[in-house]
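Peer 1: Input file: work-v1.pdb. Contents: PDB, C-alpha atoms.
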```
MODEL        1
ATOM      1  CA  MET A   1      -3.810  36.035   5.787
ATOM      2  CA  ILE A   2      -7.296  34.850   6.818
ATOM      3  CA  SER A   3      -7.810  31.097   6.762
ATOM      4  CA  PRO A   4     -11.146  29.648   5.602
ATOM      5  CA  PRO A   5     -13.401  27.871   8.111
ATOM      6  CA  ASP A   6     -13.345  24.077   8.304
ATOM      7  CA  ILE A   7     -16.676  23.762   6.461
ATOM      8  CA  LEU A   8     -17.800  25.829   3.457
ATOM      9  CA  TYR A   9     -21.078  25.533   1.541
ATOM     10  CA  HIS A  10     -21.553  25.281  -2.229
ATOM     11  CA  ALA A  11     -24.918  26.116  -3.825
ATOM     12  CA  THR A  12     -25.737  23.845  -6.728
ATOM     13  CA  SER A  13     -28.467  21.646  -8.253
ATOM     14  CA  GLU A  14     -29.203  17.977  -8.743
ATOM     15  CA  ARG A  15     -28.224  18.148 -12.422
ATOM     16  CA  ARG A  16     -24.863  19.737 -11.648
ATOM     17  CA  VAL A  17     -24.200  17.228  -8.879
ATOM     18  CA  GLU A  18     -24.693  14.403 -11.395
ATOM     19  CA  LYS A  19     -22.031  16.011 -13.604
ATOM     20  CA  ALA A  20     -19.675  16.433 -10.646
ATOM     21  CA  VAL A  21     -20.065  12.764  -9.717
ATOM     22  CA  ALA A  22     -19.263  11.763 -13.301
ATOM     23  CA  ARG A  23     -16.101  13.921 -13.249
ATOM     24  CA  GLY A  24     -15.056  12.915  -9.737
ATOM     25  CA  ALA A  25     -14.636  16.544  -8.693
ATOM     26  CA  LEU A  26     -16.619  19.650  -7.885
ATOM     27  CA  GLU A  27     -15.606  22.111 -10.588
ATOM     28  CA  VAL A  28     -16.977  24.592 -13.125
ATOM     29  CA  ARG A  29     -16.022  24.225 -16.777
ATOM     30  CA  GLY A  30     -14.483  27.123 -18.680
ATOM     31  CA  GLY A  31     -11.881  27.942 -16.043
ATOM     32  CA  ARG A  32     -14.395  29.608 -13.747
ATOM     33  CA  PRO A  33     -13.955  29.178  -9.986
ATOM     34  CA  VAL A  34     -16.125  27.171  -7.637
ATOM     35  CA  TYR A  35     -17.756  29.636  -5.231
ATOM     36  CA  LEU A  36     -18.375  28.717  -1.621
ATOM     37  CA  SER A  37     -20.035  30.525   1.269
ATOM     38  CA  ARG A  38     -19.285  30.334   4.982
ATOM     39  CA  HIS A  39     -23.046  30.582   5.690
ATOM     40  CA  GLU A  40     -25.323  27.650   4.886
ATOM     41  CA  GLY A  41     -28.409  29.885   4.740
ATOM     42  CA  GLN A  42     -26.795  32.104   2.132
ATOM     43  CA  ALA A  43     -25.901  29.045   0.047
ATOM     44  CA  TRP A  44     -29.496  27.798   0.175
ATOM     45  CA  GLN A  45     -30.772  31.186  -1.016
ATOM     46  CA  VAL A  46     -28.484  30.955  -4.049
ATOM     47  CA  ALA A  47     -29.384  27.307  -4.686
ATOM     48  CA  HIS A  48     -33.113  28.104  -4.748
ATOM     49  CA  ARG A  49     -32.601  30.596  -7.571
ATOM     50  CA  GLN A  50     -31.837  27.736  -9.944
ATOM     51  CA  ALA A  51     -34.475  26.035 -12.052
ATOM     52  CA  ASP A  52     -33.390  22.535 -11.078
ATOM     53  CA  LEU A  53     -33.724  20.833  -7.666
ATOM     54  CA  PRO A  54     -31.558  22.900  -5.257
ATOM     55  CA  ILE A  55     -28.783  21.247  -3.255
ATOM     56  CA  VAL A  56     -26.164  22.636  -0.846
ATOM     57  CA  LEU A  57     -22.923  20.684  -0.538
ATOM     58  CA  TYR A  58     -20.740  20.535   2.583
ATOM     59  CA  VAL A  59     -17.074  20.907   1.662
ATOM     60  CA  ASP A  60     -14.538  19.670   4.220
ATOM     61  CA  VAL A  61     -12.084  22.510   3.675
ATOM     62  CA  SER A  62      -9.652  21.369   6.341
ATOM     63  CA  ARG A  63      -8.969  18.049   4.626
ATOM     64  CA  ALA A  64      -9.143  19.562   1.130
ATOM     65  CA  ARG A  65      -6.397  22.040   2.019
ATOM     66  CA  ARG A  66      -4.204  19.242   3.348
ATOM     67  CA  ASP A  67      -4.812  17.533  -0.002
ATOM     68  CA  GLY A  68      -3.441  20.554  -1.910
ATOM     69  CA  CYS A  69      -6.617  22.559  -2.641
ATOM     70  CA  ASP A  70      -6.210  26.332  -2.385
ATOM     71  CA  PHE A  71      -9.044  28.575  -1.187
ATOM     72  CA  GLU A  72      -9.050  32.343  -1.449
ATOM     73  CA  ARG A  73     -11.594  34.966  -0.476
ATOM     74  CA  ASN A  74     -12.817  37.351  -3.166
ATOM     75  CA  ALA A  75     -13.999  40.954  -2.936
ATOM     76  CA  LYS A  76     -17.601  39.852  -2.302
ATOM     77  CA  GLY A  77     -16.615  37.849   0.759
ATOM     78  CA  LEU A  78     -17.101  34.462  -0.903
ATOM     79  CA  TRP A  79     -14.437  31.790  -0.915
ATOM     80  CA  GLN A  80     -13.376  30.251  -4.209
ATOM     81  CA  THR A  81     -11.219  27.461  -5.571
ATOM     82  CA  THR A  82     -10.629  25.796  -8.929
ATOM     83  CA  ALA A  83     -11.847  22.301  -8.002
ATOM     84  CA  VAL A  84     -12.576  20.052  -5.015
ATOM     85  CA  PRO A  85     -12.201  16.253  -5.237
ATOM     86  CA  LEU A  86     -15.495  14.568  -4.295
ATOM     87  CA  ARG A  87     -13.851  12.753  -1.376
ATOM     88  CA  HIS A  88     -13.902  16.131   0.400
ATOM     89  CA  VAL A  89     -17.591  16.821  -0.284
ATOM     90  CA  LEU A  90     -19.112  15.237   2.803
ATOM     91  CA  ASN A  91     -22.732  14.809   1.745
ATOM     92  CA  LEU A  92     -21.774  13.160  -1.547
ATOM     93  CA  ARG A  93     -19.934  10.400   0.308
ATOM     94  CA  THR A  94     -21.492   7.017   1.081
ATOM     95  CA  GLY A  95     -22.630   6.729   4.690
ATOM     96  CA  PHE A  96     -22.781  10.492   5.310
ATOM     97  CA  ALA A  97     -24.706  11.771   8.348
ATOM     98  CA  GLU A  98     -24.804  14.853  10.534
ATOM     99  CA  GLN A  99     -23.919  14.512  14.201
ATOM    100  CA  ILE A 100     -25.309  17.179  16.547
ATOM    101  CA  SER A 101     -23.469  17.736  19.812
ATOM    102  CA  ALA A 102     -23.339  20.327  22.565
ATOM    103  CA  GLY A 103     -20.823  21.376  25.138
ATOM    104  CA  GLY A 104     -19.926  24.057  27.601
ATOM    105  CA  ILE A 105     -17.156  25.919  29.375
ATOM    106  CA  PRO A 106     -17.751  26.403  33.118
ATOM    107  CA  MET A 107     -16.493  29.722  34.486
ATOM    108  CA  VAL A 108     -15.923  30.643  38.119
ATOM    109  CA  LEU A 109     -14.872  33.960  39.639
ATOM    110  CA  GLY A 110     -12.069  32.985  41.994
ATOM    111  CA  PRO A 111      -8.987  34.516  43.658
ATOM    112  CA  ARG A 112      -7.223  34.708  40.287
ATOM    113  CA  GLY A 113     -10.266  36.301  38.668
ATOM    114  CA  PRO A 114     -12.274  34.401  36.028
ATOM    115  CA  GLU A 115     -11.191  30.783  35.495
ATOM    116  CA  LEU A 116     -12.417  28.220  32.991
ATOM    117  CA  ALA A 117     -12.681  24.439  33.378
ATOM    118  CA  LEU A 118     -11.310  22.257  30.568
ATOM    119  CA  ILE A 119     -10.806  18.526  30.191
ATOM    120  CA  ARG A 120      -7.603  16.694  29.222
ATOM    121  CA  VAL A 121      -8.513  13.915  26.803
ATOM    122  CA  GLN A 122      -6.773  10.883  25.336
ATOM    123  CA  ARG A 123      -7.526  10.631  21.602
ATOM    124  CA  ARG A 124      -6.212   8.378  18.852
ATOM    125  CA  SER A 125      -4.137  11.338  17.688
ATOM    126  CA  GLY A 126      -2.726  12.106  21.151
ATOM    127  CA  ILE A 127      -3.564  13.886  24.401
ATOM    128  CA  THR A 128      -5.118  17.343  24.213
ATOM    129  CA  TRP A 129      -6.943  19.891  26.355
ATOM    130  CA  GLU A 130     -10.502  20.335  25.097
ATOM    131  CA  VAL A 131     -13.953  21.591  26.040
ATOM    132  CA  ALA A 132     -16.421  19.103  27.518
ATOM    133  CA  LYS A 133     -19.011  18.087  24.913
ATOM    134  CA  GLY A 134     -21.067  15.196  23.607
ATOM    135  CA  LYS A 135     -23.951  14.042  21.429
ATOM    136  CA  LEU A 136     -27.572  14.972  22.085
ATOM    137  CA  GLU A 137     -29.864  12.259  23.373
ATOM    138  CA  ALA A 138     -33.265  11.679  21.763
ATOM    139  CA  GLY A 139     -35.559  14.663  22.377
ATOM    140  CA  GLU A 140     -32.846  16.600  24.246
ATOM    141  CA  SER A 141     -32.178  20.301  23.620
ATOM    142  CA  PRO A 142     -28.603  21.511  22.983
ATOM    143  CA  MET A 143     -28.654  23.519  26.248
ATOM    144  CA  ALA A 144     -29.727  20.516  28.323
ATOM    145  CA  ALA A 145     -27.196  18.274  26.575
ATOM    146  CA  ALA A 146     -24.400  20.771  27.210
ATOM    147  CA  VAL A 147     -25.040  20.847  30.966
ATOM    148  CA  ARG A 148     -25.377  17.049  31.147
ATOM    149  CA  GLU A 149     -22.220  16.389  29.127
ATOM    150  CA  VAL A 150     -20.089  18.803  31.166
ATOM    151  CA  CYS A 151     -21.136  17.131  34.421
ATOM    152  CA  GLU A 152     -20.727  13.616  33.015
ATOM    153  CA  GLU A 153     -17.339  14.105  31.379
ATOM    154  CA  MET A 154     -15.900  16.027  34.322
ATOM    155  CA  GLY A 155     -17.411  13.590  36.805
ATOM    156  CA  CYS A 156     -18.838  16.208  39.109
ATOM    157  CA  ALA A 157     -22.357  17.495  39.841
ATOM    158  CA  LEU A 158     -21.508  21.121  39.080
ATOM    159  CA  ASP A 159     -24.116  23.787  39.737
ATOM    160  CA  LEU A 160     -24.181  25.234  36.216
ATOM    161  CA  LYS A 161     -26.110  28.165  34.793
ATOM    162  CA  ILE A 162     -25.769  28.994  31.102
ATOM    163  CA  SER A 163     -24.740  32.630  30.891
ATOM    164  CA  ARG A 164     -24.021  33.052  27.187
ATOM    165  CA  PRO A 165     -24.650  31.010  24.010
ATOM    166  CA  LEU A 166     -21.461  30.935  21.942
ATOM    167  CA  GLY A 167     -23.032  29.817  18.655
ATOM    168  CA  TYR A 168     -22.013  26.618  16.935
ATOM    169  CA  ILE A 169     -18.952  25.156  15.260
ATOM    170  CA  ARG A 170     -18.953  22.833  12.275
ATOM    171  CA  TYR A 171     -16.242  20.491  11.098
ATOM    172  CA  GLY A 172     -15.878  17.194   9.319
ATOM    173  CA  PHE A 173     -14.615  13.939  10.766
ATOM    174  CA  HIS A 174     -14.702  10.209  10.100
ATOM    175  CA  THR A 175     -16.021   7.461  12.323
ATOM    176  CA  PRO A 176     -13.710   4.522  13.153
ATOM    177  CA  ASP A 177     -15.205   2.614  10.185
ATOM    178  CA  GLY A 178     -14.466   5.537   7.835
ATOM    179  CA  SER A 179     -17.981   6.964   7.470
ATOM    180  CA  PRO A 180     -18.032  10.757   6.870
ATOM    181  CA  ARG A 181     -19.723  12.990   9.418
ATOM    182  CA  LEU A 182     -20.590  16.673   9.648
ATOM    183  CA  LYS A 183     -20.251  17.675  13.291
ATOM    184  CA  THR A 184     -22.449  20.552  14.482
ATOM    185  CA  LEU A 185     -21.314  21.538  17.971
ATOM    186  CA  HIS A 186     -23.417  24.015  19.979
ATOM    187  CA  MET A 187     -21.334  25.742  22.673
ATOM    188  CA  TYR A 188     -22.234  27.673  25.832
ATOM    189  CA  LEU A 189     -20.418  29.673  28.490
ATOM    190  CA  MET A 190     -21.599  28.535  31.929
ATOM    191  CA  ASP A 191     -21.389  30.127  35.368
ATOM    192  CA  THR A 192     -20.655  28.001  38.404
ATOM    193  CA  PRO A 193     -20.540  29.415  41.961
ATOM    194  CA  GLU A 194     -17.509  27.503  43.292
ATOM    195  CA  ARG A 195     -14.134  26.267  42.107
ATOM    196  CA  ARG A 196     -14.702  22.550  42.547
ATOM    197  CA  THR A 197     -11.727  20.197  42.493
ATOM    198  CA  ASP A 198     -13.448  16.921  43.459
ATOM    199  CA  PHE A 199     -13.653  15.689  39.876
ATOM    200  CA  ALA A 200     -13.871  12.027  38.887
ATOM    201  CA  PRO A 201     -13.232  12.286  35.112
ATOM    202  CA  SER A 202     -15.035   9.908  32.769
ATOM    203  CA  THR A 203     -12.222   7.558  31.784
ATOM    204  CA  ARG A 204     -14.755   5.697  29.610
ATOM    205  CA  GLU A 205     -14.798   8.820  27.414
ATOM    206  CA  GLY A 206     -11.011   9.135  27.522
ATOM    207  CA  VAL A 207     -11.024  12.059  29.983
ATOM    208  CA  LEU A 208      -7.823  12.039  32.049
ATOM    209  CA  GLU A 209      -8.236  15.127  34.219
ATOM    210  CA  VAL A 210     -10.029  18.442  34.669
ATOM    211  CA  GLY A 211      -8.123  21.705  35.063
ATOM    212  CA  TRP A 212      -8.876  25.339  35.769
ATOM    213  CA  PHE A 213      -7.348  27.987  33.493
ATOM    214  CA  THR A 214      -7.388  31.755  33.198
ATOM    215  CA  PRO A 215      -8.993  32.897  29.913
ATOM    216  CA  ASP A 216      -5.561  33.551  28.385
ATOM    217  CA  GLU A 217      -4.253  30.159  29.519
ATOM    218  CA  ALA A 218      -7.363  28.401  28.161
ATOM    219  CA  ALA A 219      -6.997  30.072  24.747
ATOM    220  CA  ARG A 220      -3.445  28.727  24.555
ATOM    221  CA  ALA A 221      -4.207  25.277  25.967
ATOM    222  CA  VAL A 222      -6.933  24.272  23.477
ATOM    223  CA  THR A 223      -5.163  23.416  20.227
ATOM    224  CA  HIS A 224      -7.940  21.715  18.216
ATOM    225  CA  ARG A 225      -8.090  23.707  14.966
ATOM    226  CA  SER A 226     -11.875  24.073  15.031
ATOM    227  CA  LEU A 227     -11.945  25.179  18.683
ATOM    228  CA  ARG A 228      -9.157  27.766  18.638
ATOM    229  CA  PRO A 229     -11.340  30.615  17.257
ATOM    230  CA  LEU A 230     -13.997  29.793  19.870
ATOM    231  CA  MET A 231     -11.491  29.980  22.717
ATOM    232  CA  ARG A 232     -10.193  33.338  21.493
ATOM    233  CA  GLN A 233     -13.802  34.539  21.337
ATOM    234  CA  VAL A 234     -14.384  33.353  24.918
ATOM    235  CA  ARG A 235     -11.158  34.989  26.129
ATOM    236  CA  ASP A 236     -12.092  38.352  24.584
ATOM    237  CA  LEU A 237     -15.671  38.108  25.863
ATOM    238  CA  ILE A 238     -14.537  37.464  29.436
ATOM    239  CA  HIS A 239     -12.010  40.293  29.273
ATOM    240  CA  GLU A 240     -14.872  42.609  28.319
ATOM    241  CA  MET A 241     -17.062  41.295  31.143
ATOM    242  CA  HIS A 242     -14.262  41.208  33.741
ATOM    243  CA  PRO A 243     -11.391  43.488  32.623
ATOM    244  CA  PRO A 244      -8.003  42.263  33.929
ATOM    245  CA  PRO A 245      -6.213  44.632  36.336
ATOM    246  CA  ASP A 246      -4.049  47.332  34.781
ATOM    247  CA  PRO A 247      -0.436  46.765  35.927
ATOM    248  CA  SER A 248       0.355  50.475  35.439
ATOM    249  CA  ARG A 249      -2.072  51.369  38.231
ATOM    250  CA  SER A 250      -0.591  49.031  40.839
TER     251      SER A 250
ENDMDL
END
```
Could you write out this file's structure as structure tokens?
Peer 2:
Amino acid sequence: MISPPDILYHATSERRVEKAVARGALEVRGGRPVYLSRHEGQAWQVAHRQADLPIVLYVDVSRARRDGCDFERNAKGLWQTTAVPLRHVLNLRTGFAEQISAGGIPMVLGPRGPELALIRVQRRSGITWEVAKGKLEAGESPMAAAVREVCEEMGCALDLKISRPLGYIRYGFHTPDGSPRLKTLHMYLMDTPERRTDFAPSTREGVLEVGWFTPDEAARAVTHRSLRPLMRQVRDLIHEMHPPPDPSRS
């Protein structure tokens, strides 16, 4: 069974949003489903077909599912549900803002073949292995921010060259004061010429250590729900670029 992404997009209008706010839920009367797209651009195209002011809503699917909402994919590739409580519609919440970040995964070709550098981080929810990432500074491009954040969080002046953009990930989260945020995280695969170990992790950012992993190990180590598909994508990409040895030929 295919799970929906963390964020889905609903095409609507200002008039319909007013009705949804009055009801306290995003729903369609008459028993019809609420349709959602995984592509924001597609949702905007649909929204602009309406006579009223077009709006695209960001639905935090991850939290909605934990709250009992069911999402299923129809034959046209759209996701649908019966209703979504407004507390899971990010841009209808007070204090909403989008946070743009960037990060990267350094890769080195070493004795064990390709290896990836990850950071071990202390969060409020526990300790996890993650990719190095952080918010863009004013006027900074995602690529520049990704390189800067990797070096800062790992505490090492790595010689990094971006080899492959990996697209972006979106998910919802809340700031410590409870304000809703839509995180847009641009990710890059980066080449580095040597397997550095002289890291001084940024404890200010909660980074405890830096470790090197094979692509398979990295895909298992990163457990954040939003990052797991990315790590599987990276693993498969590296296997295509650098096929692992065939044991049958040894």
Peer 1: Taking the file above as input, evaluate the PyMOL selection byres ((chain A and resi 226) around 12) and report the hits as a CSV table (one decimal) with C-alpha atoms, in the frame of the given file.
Peer 2:
```csv
chain,number,residue,atom,x,y,z
A,3,SER,CA,-7.8,31.1,6.8
A,4,PRO,CA,-11.1,29.6,5.6
A,5,PRO,CA,-13.4,27.9,8.1
A,6,ASP,CA,-13.3,24.1,8.3
A,7,ILE,CA,-16.7,23.8,6.5
A,60,ASP,CA,-14.5,19.7,4.2
A,61,VAL,CA,-12.1,22.5,3.7
A,62,SER,CA,-9.7,21.4,6.3
A,130,GLU,CA,-10.5,20.3,25.1
A,131,VAL,CA,-14.0,21.6,26.0
A,168,TYR,CA,-22.0,26.6,16.9
A,169,ILE,CA,-19.0,25.2,15.3
A,170,ARG,CA,-19.0,22.8,12.3
A,171,TYR,CA,-16.2,20.5,11.1
A,172,GLY,CA,-15.9,17.2,9.3
A,173,PHE,CA,-14.6,13.9,10.8
A,183,LYS,CA,-20.3,17.7,13.3
A,184,THR,CA,-22.4,20.6,14.5
A,185,LEU,CA,-21.3,21.5,18.0
A,222,VAL,CA,-6.9,24.3,23.5
A,223,THR,CA,-5.2,23.4,20.2
A,224,HIS,CA,-7.9,21.7,18.2
A,225,ARG,CA,-8.1,23.7,15.0
A,227,LEU,CA,-11.9,25.2,18.7
A,228,ARG,CA,-9.2,27.8,18.6
A,229,PRO,CA,-11.3,30.6,17.3
A,230,LEU,CA,-14.0,29.8,19.9
A,231,MET,CA,-11.5,30.0,22.7
A,232,ARG,CA,-10.2,33.3,21.5
```
Peer 1: I need the residue nearest Ala218 in chain A from this list: A:Gln233, A:Asn74, A:Ser37, A:Gln80. Use all atoms listed in the file for the distance.
Peer 2: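 Of A:Gln233, A:Asn74, A:Ser37, A:Gln80, the one nearest Ala218 in chain A, counting all atoms listed in the file, is A:Gln233.
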Peer 1: Find the residues around Thr192 in chain A up to 6 Å (only C-alpha atoms counted), leave out those fewer than 4 positions away in its own chain, and share them as a ChimeraX atom specification.
Peer 2: /A:107-108,159-160
Peer 1: Check what the PyMOL selection byres ((chain A and resi 152) around 12) selects in the file above and give those residues as a ChimeraX atom specification.
Peer 2: /A:103-104,119,132-134,145-151,153-158,199-205,207,210
Peer 1: May I have the residues within 8 Å of Asn91 in chain A as number ranges by chain, using all atoms listed in the file and disregarding those fewer than 4 positions away in the same chain?
Peer 2: A: 57-58, 96-97
Peer 1: Can you measure CA of Arg66 in chain A to CA of Leu166 in chain A for me? One decimal in Å is fine.
Peer 2: 27.9 Å
Peer 1: State, in Å with one decimal place, the distance from CA of Trp212 in chain A to CA of Pro111 in chain A.
Peer 2: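 Spanning CA of Trp212 in chain A to CA of Pro111 in chain A is a straight-line distance of 12.1 Å.
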Peer 1: Which residues of range 77-191 of chain A sit at most 12 Å from range 40-51 of chain A, using all atoms listed in the file? Give each one's shortest atom pair and distance in Å (one decimal place), in chain and ascending residue order, as JSON lines.
Peer 2:
```
{"residue": "A:Gly77", "atom": "CA", "partner": "A:Gln42", "partner_atom": "CA", "distance": 11.8}
{"residue": "A:Leu78", "atom": "CA", "partner": "A:Ala43", "partner_atom": "CA", "distance": 10.4}
{"residue": "A:Trp79", "atom": "CA", "partner": "A:Ala43", "partner_atom": "CA", "distance": 11.8}
{"residue": "A:Arg170", "atom": "CA", "partner": "A:Glu40", "partner_atom": "CA", "distance": 10.9}
```
Peer 1: Kindly give the distance, in Å, that separates CA of Arg93 in chain A and CA of Gly68 in chain A, rounded to a single decimal.
Peer 2: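 Separation between CA of Arg93 in chain A and CA of Gly68 in chain A: 19.5 Å.
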Peer 1: Determine the nearest neighbour of Glu115 in chain A from the options A:Arg196, A:Arg63, A:His88, A:Lys161, counting all atoms listed in the file.
Peer 2: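 So, comparing all the options, the nearest one is A:Arg196.
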Peer 1: Determine the residue set returned by the PyMOL selection byres ((chain A and resi 211) around 9) for the present structure, and present it as a list of chain:residue names.
Peer 2: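 Applied to this file, the PyMOL selection byres ((chain A and resi 211) around 9) returns A:Leu116, A:Ala117, A:Leu118, A:Ile119, A:Arg120, A:Trp129, A:Thr197, A:Glu209, A:Val210, A:Trp212, A:Phe213.
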Peer 1: For a quick check of understanding, using all atoms listed in the file, which of A:Ala25, A:Ile100, A:Leu109, A:Ile2 has the smallest distance to Ala64 in chain A?
Peer 2: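 Ranked by minimum distance to Ala64 in chain A, first place goes to A:Ala25.
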Peer 1: Compile the contact shell of Ser179 in chain A as a CSV table (one decimal) with C-alpha atoms, keeping the file's coordinate frame: residues with an atom at most 6 Å away, counting only C-alpha atoms, same-chain residues fewer than 4 positions apart removed.
Peer 2:
```
chain,number,residue,atom,x,y,z
A,95,GLY,CA,-22.6,6.7,4.7
A,174,HIS,CA,-14.7,10.2,10.1
A,175,THR,CA,-16.0,7.5,12.3
```
Peer 1: Choose the residue, out of A:Asp198, A:Asp216, A:Glu137, A:Glu18, that has the smallest atom-to-atom separation from His239 in chain A; count only C-alpha atoms.
Peer 2: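 Among the listed residues, the smallest separation from His239 in chain A belongs to A:Asp216.
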Peer 1: Starting from the sparse input, extend range 57-65 of chain A to all heavy atoms and give the output as a short mmCIF file (atom, residue, chain, number, x, y, z; two decimals), in the coordinates of the input.
Peer 2:
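Now in selection-v5.cif:
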```
data_model
loop_
_atom_site.label_atom_id
_atom_site.label_comp_id
_atom_site.auth_asym_id
_atom_site.auth_seq_id
_atom_site.Cartn_x
_atom_site.Cartn_y
_atom_site.Cartn_z
N LEU A 57 -23.95 21.68 -0.84
CA LEU A 57 -22.92 20.68 -0.54
C LEU A 57 -22.03 21.17 0.59
O LEU A 57 -21.70 22.36 0.67
CB LEU A 57 -22.09 20.40 -1.79
CG LEU A 57 -22.86 19.86 -3.00
CD1 LEU A 57 -21.91 19.66 -4.17
CD2 LEU A 57 -23.58 18.56 -2.66
N TYR A 58 -21.62 20.23 1.45
CA TYR A 58 -20.74 20.54 2.58
C TYR A 58 -19.31 20.15 2.20
O TYR A 58 -19.00 18.97 2.05
CB TYR A 58 -21.16 19.75 3.82
CG TYR A 58 -22.59 19.97 4.25
CD1 TYR A 58 -23.42 18.88 4.56
CD2 TYR A 58 -23.13 21.24 4.34
CE1 TYR A 58 -24.73 19.07 4.96
CE2 TYR A 58 -24.44 21.44 4.73
CZ TYR A 58 -25.24 20.35 5.05
OH TYR A 58 -26.54 20.54 5.43
N VAL A 59 -18.46 21.15 2.06
CA VAL A 59 -17.07 20.91 1.66
C VAL A 59 -16.18 20.91 2.89
O VAL A 59 -16.14 21.89 3.65
CB VAL A 59 -16.60 21.97 0.66
CG1 VAL A 59 -15.13 21.77 0.31
CG2 VAL A 59 -17.46 21.92 -0.61
N ASP A 60 -15.47 19.80 3.10
CA ASP A 60 -14.54 19.67 4.22
C ASP A 60 -13.24 20.38 3.84
O ASP A 60 -12.31 19.77 3.30
CB ASP A 60 -14.30 18.19 4.52
CG ASP A 60 -13.50 17.97 5.80
OD1 ASP A 60 -12.86 18.93 6.27
OD2 ASP A 60 -13.53 16.85 6.34
N VAL A 61 -13.20 21.67 4.12
CA VAL A 61 -12.08 22.51 3.68
C VAL A 61 -10.78 22.11 4.35
O VAL A 61 -9.71 22.13 3.74
CB VAL A 61 -12.41 23.99 3.96
CG1 VAL A 61 -11.22 24.88 3.65
CG2 VAL A 61 -13.61 24.42 3.12
N SER A 62 -10.86 21.73 5.61
CA SER A 62 -9.65 21.37 6.34
C SER A 62 -8.90 20.23 5.65
O SER A 62 -7.70 20.32 5.41
CB SER A 62 -10.02 20.98 7.78
OG SER A 62 -8.86 20.63 8.51
N ARG A 63 -9.62 19.18 5.30
CA ARG A 63 -8.97 18.05 4.63
C ARG A 63 -8.61 18.38 3.18
O ARG A 63 -7.60 17.92 2.67
CB ARG A 63 -9.87 16.82 4.68
CG ARG A 63 -9.84 16.12 6.04
CD ARG A 63 -10.72 14.88 6.05
NE ARG A 63 -10.50 14.10 7.26
CZ ARG A 63 -11.02 14.40 8.46
NH1 ARG A 63 -11.79 15.48 8.57
NH2 ARG A 63 -10.77 13.65 9.51
N ALA A 64 -9.45 19.18 2.51
CA ALA A 64 -9.14 19.56 1.13
C ALA A 64 -7.85 20.37 1.05
O ALA A 64 -7.04 20.18 0.13
CB ALA A 64 -10.30 20.36 0.54
N ARG A 65 -7.64 21.25 2.01
CA ARG A 65 -6.40 22.04 2.02
C ARG A 65 -5.18 21.15 2.24
O ARG A 65 -4.13 21.35 1.62
CB ARG A 65 -6.46 23.12 3.09
CG ARG A 65 -7.49 24.21 2.81
CD ARG A 65 -7.52 25.23 3.93
NE ARG A 65 -6.34 26.06 3.92
CZ ARG A 65 -5.95 26.80 4.95
NH1 ARG A 65 -6.63 26.76 6.09
NH2 ARG A 65 -4.88 27.56 4.86
#
```
